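Beneath this line is the structure, given in structure tokens, with notes to follow.
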Amino acid sequence: MPLKILALGGDGIGPEVVSSGLKVLEAVAGTISLKVDITEDLLHGAAWDAHGTFIRPETIRAAHGSDALLVGAVGGPKWDHIKIDGGPEEQDGLMKLRHELEVFASLRWARAYGPLLSRTPFRPEVARNADIMVVRELCGGAMFSPTRGIDGTGKSRRAYDLNEYTEAEIARFARIGFEVARRRHGKVLSVDKANVFMAGKLWREVVQEIGAREFPDVTLTHFFTDNAAYQLTCRPGDFDVILADNLFGDILSDQSAAISGSLGMLPSACLSHLSTGGRSEKPAIYEPVHGSAPDIAGTGSANPIGAILSVAMLLEYSAAEHESARKIEVAVESALKAGFATPDLGGTNTTQEMTDEVIQQVLRA
Ligand code: NAD
């Protein structure tokens, strides 16, 4: 059976970097005779311009029928003023897609790259070995709460967003985090504010229970979030997998991104399932962490590495093609070592040149 992929470029630089990702995927697939069946469609602003909706029902149906989705980025000033009835997921084609596929675990991968260390705010000896996977809960907590609003009038207004997690939501999320750690260096740091929030107390209790009962081979530590943020800055090389709720994960994943040298370097995966064999058997979304970068869209200067490494994550988690995933990661490192760099990395190479070099390195491996 071919690997069914739905590619959604989205807006701004999204289509440019997705095109790079697909070229690398096709090159790698050719080396291992992996059959891929790629369908392309529009998302968010591009879908609005063509169809008057941020995402068409047929796109959602195609997503449900895919093994994996490769998404660029969405949004831009042209569509910011458009307001649709309903919750936050209705205002954004990508959020709608995440909601529909219930991809509740977002894996955001930040690592240090030797040639880019001087572009980070860290001393090389502090960040050199940093390789962090922040696993962020994506469908719950205050950020997705239906219990939100602003009541009252004038000076007596009151605003609230309920930070709520059920035991089942924490447990299903923690299992994916532990499974990811098993495939990396076997270390999980779970962050919460169990000293202040009731949701944090339940979070810690459930993560501890799942870890002890189902993943005794994984080393589990708990930190309060403020301490985690501090330690992450002081000694980024000591972390492996970080488990965090929707809000804390949002913050810590951006913070850890600083070790990679550019936002354009970071890939991510959004999963709703991970078997004990480490494979997602439900549609998963792979996307670079960066946004649509309207300021550089169409200039041919976007860094495609976040999208290319998202393809590596796709091969890892949706195809169990571990060697091919490594091949892409090594090809990216080799391209950087060979001096290839887009403007965000201090170089002058175009998106196309960087993509071609990564493909050459893949074919050479
Ligand atoms: P952004 O990530 O688009 O850009 C921030 C800065 O980083 C810009 O200077 C941009 O040029 C640069 N940059 C980002 N990706 C790059 C790449 N691959 N190569 C080189 N430079 C890169 O964030 P923003 O400016 O805050 O947001 C722009 C739009 O993107 C907004 O509409 C926002 O809502 C949207 N956004 C979408 C996503 C997503 O779809 N996942 C994520 C974040 C922001």
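Naming works like this for the structure tokens: A, B, ... for the chains as they're shown, residue 1 at the start of each chain, ligands 1 onward in shown order.
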Give me the residues within 8 Å of segment 60-68 of chain A as a ChimeraX atom specification, counting only C-alpha atoms and dropping any in the same chain fewer than 5 places off. /A:3-6,55,97,100-101,281-286,314,318
Please report, as JSON lines, each residue of chain A lying at most 9 Å from ligand 1, together with the nearest pair of atoms and the separation in Å rounded to one decimal; use only C-alpha atoms and all ligand atoms, and order rows by chain and ascending residue number.
```
{"residue": "A:Gly10", "atom": "CA", "partner": "ligand 1", "partner_atom_place_in_ligand_line": "40 (O)", "distance": 7.7}
{"residue": "A:Asp11", "atom": "CA", "partner": "ligand 1", "partner_atom_place_in_ligand_line": "40 (O)", "distance": 8.1}
{"residue": "A:Gly12", "atom": "CA", "partner": "ligand 1", "partner_atom_place_in_ligand_line": "30 (O)", "distance": 7.9}
{"residue": "A:Ile13", "atom": "CA", "partner": "ligand 1", "partner_atom_place_in_ligand_line": "18 (N)", "distance": 7.2}
{"residue": "A:Gly14", "atom": "CA", "partner": "ligand 1", "partner_atom_place_in_ligand_line": "40 (O)", "distance": 8.1}
{"residue": "A:Val17", "atom": "CA", "partner": "ligand 1", "partner_atom_place_in_ligand_line": "18 (N)", "distance": 7.2}
{"residue": "A:Val71", "atom": "CA", "partner": "ligand 1", "partner_atom_place_in_ligand_line": "40 (O)", "distance": 8.1}
{"residue": "A:Gly72", "atom": "CA", "partner": "ligand 1", "partner_atom_place_in_ligand_line": "40 (O)", "distance": 6.7}
{"residue": "A:Ala73", "atom": "CA", "partner": "ligand 1", "partner_atom_place_in_ligand_line": "40 (O)", "distance": 3.3}
{"residue": "A:Val74", "atom": "CA", "partner": "ligand 1", "partner_atom_place_in_ligand_line": "40 (O)", "distance": 3.9}
{"residue": "A:Gly75", "atom": "CA", "partner": "ligand 1", "partner_atom_place_in_ligand_line": "32 (O)", "distance": 3.7}
{"residue": "A:Gly76", "atom": "CA", "partner": "ligand 1", "partner_atom_place_in_ligand_line": "32 (O)", "distance": 3.6}
{"residue": "A:Pro77", "atom": "CA", "partner": "ligand 1", "partner_atom_place_in_ligand_line": "32 (O)", "distance": 6.2}
{"residue": "A:Lys78", "atom": "CA", "partner": "ligand 1", "partner_atom_place_in_ligand_line": "32 (O)", "distance": 8.7}
{"residue": "A:Trp79", "atom": "CA", "partner": "ligand 1", "partner_atom_place_in_ligand_line": "32 (O)", "distance": 8.2}
{"residue": "A:Asp80", "atom": "CA", "partner": "ligand 1", "partner_atom_place_in_ligand_line": "32 (O)", "distance": 7.1}
{"residue": "A:Asp92", "atom": "CA", "partner": "ligand 1", "partner_atom_place_in_ligand_line": "40 (O)", "distance": 8.9}
{"residue": "A:Leu94", "atom": "CA", "partner": "ligand 1", "partner_atom_place_in_ligand_line": "40 (O)", "distance": 6.7}
{"residue": "A:Met95", "atom": "CA", "partner": "ligand 1", "partner_atom_place_in_ligand_line": "40 (O)", "distance": 8.7}
{"residue": "A:Ser262", "atom": "CA", "partner": "ligand 1", "partner_atom_place_in_ligand_line": "21 (N)", "distance": 7.5}
{"residue": "A:Leu263", "atom": "CA", "partner": "ligand 1", "partner_atom_place_in_ligand_line": "15 (N)", "distance": 5.7}
{"residue": "A:Gly264", "atom": "CA", "partner": "ligand 1", "partner_atom_place_in_ligand_line": "18 (N)", "distance": 3.6}
{"residue": "A:Met265", "atom": "CA", "partner": "ligand 1", "partner_atom_place_in_ligand_line": "18 (N)", "distance": 7.0}
{"residue": "A:Leu266", "atom": "CA", "partner": "ligand 1", "partner_atom_place_in_ligand_line": "18 (N)", "distance": 8.6}
{"residue": "A:Glu287", "atom": "CA", "partner": "ligand 1", "partner_atom_place_in_ligand_line": "41 (N)", "distance": 7.2}
{"residue": "A:Pro288", "atom": "CA", "partner": "ligand 1", "partner_atom_place_in_ligand_line": "41 (N)", "distance": 7.1}
{"residue": "A:Val289", "atom": "CA", "partner": "ligand 1", "partner_atom_place_in_ligand_line": "41 (N)", "distance": 5.8}
{"residue": "A:His290", "atom": "CA", "partner": "ligand 1", "partner_atom_place_in_ligand_line": "2 (O)", "distance": 3.9}
{"residue": "A:Gly291", "atom": "CA", "partner": "ligand 1", "partner_atom_place_in_ligand_line": "3 (O)", "distance": 3.2}
{"residue": "A:Ser292", "atom": "CA", "partner": "ligand 1", "partner_atom_place_in_ligand_line": "30 (O)", "distance": 4.0}
{"residue": "A:Ala293", "atom": "CA", "partner": "ligand 1", "partner_atom_place_in_ligand_line": "3 (O)", "distance": 3.3}
{"residue": "A:Pro294", "atom": "CA", "partner": "ligand 1", "partner_atom_place_in_ligand_line": "28 (C)", "distance": 6.0}
{"residue": "A:Asp295", "atom": "CA", "partner": "ligand 1", "partner_atom_place_in_ligand_line": "11 (O)", "distance": 5.4}
{"residue": "A:Ile296", "atom": "CA", "partner": "ligand 1", "partner_atom_place_in_ligand_line": "11 (O)", "distance": 5.4}
{"residue": "A:Ala297", "atom": "CA", "partner": "ligand 1", "partner_atom_place_in_ligand_line": "11 (O)", "distance": 8.0}
{"residue": "A:Ser301", "atom": "CA", "partner": "ligand 1", "partner_atom_place_in_ligand_line": "20 (C)", "distance": 6.7}
{"residue": "A:Ala302", "atom": "CA", "partner": "ligand 1", "partner_atom_place_in_ligand_line": "19 (N)", "distance": 3.8}
{"residue": "A:Asn303", "atom": "CA", "partner": "ligand 1", "partner_atom_place_in_ligand_line": "19 (N)", "distance": 3.7}
{"residue": "A:Pro304", "atom": "CA", "partner": "ligand 1", "partner_atom_place_in_ligand_line": "18 (N)", "distance": 5.7}
{"residue": "A:Ile305", "atom": "CA", "partner": "ligand 1", "partner_atom_place_in_ligand_line": "18 (N)", "distance": 7.3}
{"residue": "A:Gly306", "atom": "CA", "partner": "ligand 1", "partner_atom_place_in_ligand_line": "18 (N)", "distance": 6.6}
{"residue": "A:Ala307", "atom": "CA", "partner": "ligand 1", "partner_atom_place_in_ligand_line": "18 (N)", "distance": 8.0}
{"residue": "A:Thr342", "atom": "CA", "partner": "ligand 1", "partner_atom_place_in_ligand_line": "20 (C)", "distance": 7.3}
{"residue": "A:Pro343", "atom": "CA", "partner": "ligand 1", "partner_atom_place_in_ligand_line": "20 (C)", "distance": 6.9}
{"residue": "A:Asp344", "atom": "CA", "partner": "ligand 1", "partner_atom_place_in_ligand_line": "20 (C)", "distance": 5.0}
{"residue": "A:Leu345", "atom": "CA", "partner": "ligand 1", "partner_atom_place_in_ligand_line": "20 (C)", "distance": 8.0}
{"residue": "A:Thr351", "atom": "CA", "partner": "ligand 1", "partner_atom_place_in_ligand_line": "19 (N)", "distance": 8.5}
```
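When DSSP reads the backbone of this structure, the residues of segment 200-238 of chain A it assigns to alpha helix (DSSP H) are A:Gly200, A:Lys201, A:Leu202, A:Trp203, A:Arg204, A:Glu205, A:Val206, A:Val207, A:Gln208, A:Glu209, A:Ile210, A:Gly211, A:Ala212, A:Arg213, A:Glu214, A:Thr225, A:Asp226, A:Asn227, A:Ala228, A:Ala229, A:Tyr230, A:Gln231, A:Leu232, A:Thr233, A:Cys234.
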Polymer residues at most 8 Å from Leu117 of chain A, only C-alpha atoms, same-chain spacing of 3 or more positions, as a ChimeraX atom specification: /A:112-114,120,122-124,127-128,259-261
Backbone-only DSSP, strand (DSSP E or B) members of segment 199-337 of chain A, as an MDAnalysis selection string: chainID A and resid 219:224 241:244 267:271 284:288
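Those residues that approach Ser19 of chain A to within 9 Å, counting only C-alpha atoms, are A:Ala7, A:Gly9, A:Gly14, A:Pro15, A:Glu16, A:Leu22, A:Lys23, A:Val24, A:Pro304, A:Ala307; same-chain residues fewer than 3 positions away are not listed.
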List as a Markdown table every residue of segment 60-123 of chain A that is in contact with segment 158-173 of chain A, defined as an atom at most 10 Å from one of its atoms (using only C-alpha atoms), together with the nearest atom pair and the distance in Å rounded to one decimal, sorted by chain and then rising number.
```
| residue | atom | partner | partner_atom | distance |
| --- | --- | --- | --- | --- |
| A:Val103 | CA | A:Phe173 | CA | 9.9 |
| A:Phe104 | CA | A:Phe173 | CA | 6.9 |
| A:Ala105 | CA | A:Phe173 | CA | 6.1 |
| A:Ser106 | CA | A:Phe173 | CA | 9.6 |
```
With N, CA, C and O atoms kept, could you save the residues just selected as a compact mmCIF listing (two decimals), in the first residue's frame?
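Written file, result.txt:
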```txt
# COMPACT_ATOMS: atom_id res chain seq x y z
N VAL A 103 -5.54 15.57 17.03
CA VAL A 103 -4.10 15.33 17.24
C VAL A 103 -3.70 16.05 18.53
O VAL A 103 -3.40 17.23 18.53
N PHE A 104 -3.72 15.31 19.61
CA PHE A 104 -3.58 15.95 20.92
C PHE A 104 -2.13 16.03 21.42
O PHE A 104 -1.87 16.62 22.46
N ALA A 105 -1.20 15.39 20.68
CA ALA A 105 0.21 15.45 21.12
C ALA A 105 1.06 16.10 20.04
O ALA A 105 1.18 15.58 18.94
N SER A 106 1.62 17.25 20.35
CA SER A 106 2.45 17.96 19.39
C SER A 106 3.92 17.80 19.78
O SER A 106 4.33 18.20 20.87
```
Could you check the closest approach to Ser145 of chain A for each of A:Leu247, A:Ala194, A:Ala50, A:Leu69 and tell me which residue wins, using only C-alpha atoms? A:Leu247
Contacts of segment 219-224 of chain A at 10 Å (only C-alpha atoms; same-chain gap of 4+ positions) as a compact mmCIF listing (two decimals) with N, CA, C and O atoms, in the first residue's frame:
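Saved to part.txt:
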```
# COMPACT_ATOMS: atom_id res chain seq x y z
N PHE A 178 5.88 9.21 26.76
CA PHE A 178 6.79 8.16 27.24
C PHE A 178 7.28 7.29 26.08
O PHE A 178 8.44 6.89 26.03
N ALA A 181 9.98 9.03 24.28
CA ALA A 181 11.24 8.99 25.06
C ALA A 181 11.93 7.64 24.93
O ALA A 181 13.16 7.56 24.86
N ARG A 182 11.14 6.57 24.88
CA ARG A 182 11.70 5.22 24.72
C ARG A 182 12.53 5.11 23.46
O ARG A 182 13.48 4.36 23.39
N HIS A 185 16.31 9.04 24.29
CA HIS A 185 17.32 8.73 25.33
C HIS A 185 16.69 8.27 26.64
O HIS A 185 17.37 8.24 27.68
N GLY A 186 15.38 7.95 26.62
CA GLY A 186 14.75 7.34 27.80
C GLY A 186 14.56 8.26 28.99
O GLY A 186 14.46 7.79 30.12
N LYS A 187 14.48 9.59 28.74
CA LYS A 187 14.31 10.52 29.88
C LYS A 187 13.11 11.43 29.63
O LYS A 187 13.00 12.04 28.56
N VAL A 188 12.23 11.51 30.62
CA VAL A 188 11.08 12.42 30.51
C VAL A 188 11.14 13.42 31.65
O VAL A 188 11.34 13.04 32.81
N LEU A 189 10.97 14.69 31.31
CA LEU A 189 10.75 15.71 32.33
C LEU A 189 9.31 16.18 32.15
O LEU A 189 8.94 16.66 31.08
N SER A 190 8.48 16.01 33.19
CA SER A 190 7.10 16.49 33.12
C SER A 190 7.03 17.80 33.87
O SER A 190 7.53 17.91 34.99
N VAL A 191 6.43 18.81 33.22
CA VAL A 191 6.36 20.12 33.89
C VAL A 191 4.90 20.45 34.23
O VAL A 191 3.97 20.07 33.51
N ASP A 192 4.72 21.13 35.33
CA ASP A 192 3.38 21.52 35.77
C ASP A 192 3.52 22.60 36.83
O ASP A 192 4.65 22.98 37.18
N LYS A 193 2.39 23.07 37.32
CA LYS A 193 2.41 23.95 38.49
C LYS A 193 1.53 23.27 39.55
O LYS A 193 0.51 23.80 39.99
N ALA A 194 1.98 22.07 39.96
CA ALA A 194 1.22 21.28 40.94
C ALA A 194 1.20 21.97 42.30
O ALA A 194 0.39 21.63 43.17
N ASN A 195 2.11 22.93 42.49
CA ASN A 195 2.14 23.68 43.76
C ASN A 195 1.04 24.74 43.82
O ASN A 195 0.75 25.27 44.88
N VAL A 196 0.41 25.04 42.68
CA VAL A 196 -0.58 26.12 42.64
C VAL A 196 -1.93 25.66 42.07
O VAL A 196 -2.98 25.97 42.62
N GLY A 200 -2.76 20.99 37.76
CA GLY A 200 -1.35 20.58 37.84
C GLY A 200 -1.15 19.40 38.78
O GLY A 200 -0.32 18.52 38.53
N ARG A 204 0.36 15.82 37.54
CA ARG A 204 1.55 15.16 38.11
C ARG A 204 1.22 13.74 38.56
O ARG A 204 1.97 12.80 38.31
N VAL A 207 0.65 11.43 35.39
CA VAL A 207 1.91 11.18 34.66
C VAL A 207 2.78 10.22 35.47
O VAL A 207 3.35 9.25 34.94
N GLN A 208 2.85 10.45 36.79
CA GLN A 208 3.66 9.60 37.68
C GLN A 208 3.16 8.14 37.62
O GLN A 208 3.94 7.20 37.49
N GLY A 211 3.80 6.48 34.18
CA GLY A 211 5.24 6.23 34.05
C GLY A 211 5.65 5.01 34.86
O GLY A 211 6.33 4.11 34.34
N ALA A 212 5.24 4.97 36.13
CA ALA A 212 5.67 3.88 37.01
C ALA A 212 5.10 2.54 36.55
O ALA A 212 5.78 1.52 36.56
N PHE A 215 5.82 2.41 31.97
CA PHE A 215 7.11 2.76 31.35
C PHE A 215 8.23 2.79 32.41
O PHE A 215 8.93 3.81 32.55
N ALA A 228 11.62 24.77 35.24
CA ALA A 228 11.97 24.13 33.96
C ALA A 228 12.48 25.19 32.97
O ALA A 228 13.48 24.98 32.28
N ALA A 229 11.81 26.34 32.93
CA ALA A 229 12.21 27.40 32.00
C ALA A 229 13.62 27.88 32.34
O ALA A 229 14.46 28.09 31.45
N GLN A 231 16.03 26.15 34.05
CA GLN A 231 17.03 25.09 33.81
C GLN A 231 17.28 24.92 32.31
O GLN A 231 18.40 24.62 31.89
N VAL A 241 13.07 14.48 26.61
CA VAL A 241 11.66 14.75 26.28
C VAL A 241 11.04 15.58 27.40
O VAL A 241 11.20 15.24 28.57
N ILE A 242 10.37 16.64 27.02
CA ILE A 242 9.67 17.47 28.01
C ILE A 242 8.18 17.35 27.76
O ILE A 242 7.71 17.61 26.65
N LEU A 243 7.44 16.93 28.79
CA LEU A 243 5.97 16.81 28.67
C LEU A 243 5.33 18.03 29.30
O LEU A 243 5.61 18.34 30.45
```
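If only C-alpha atoms are the atoms counted, then among A:Gly93, A:Gly346, A:Gly339, A:Gly177 the closest residue to Ser118 of chain A is A:Gly346.
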Non-local contacts of Leu42 of chain A (6 Å; only C-alpha atoms; under 4 positions in same chain excluded) as a PyMOL selection string: chain A and resi 8+46-47
Mind pulling up the distance from atom CA of Lys35 of chain A to atom CA of Pro57 of chain A? 26.7 Å
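Atom CA of Trp109 of chain A lies 13.7 Å from atom CA of Leu271 of chain A.
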Between A:Pro121, A:Pro2, A:Gly298, A:Gly141, smallest distance to Ala29 of chain A by only C-alpha atoms belongs to A:Pro2
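Take atom CA of Asp245 of chain A and atom CA of Ala319 of chain A: the distance between them is 26.9 Å.
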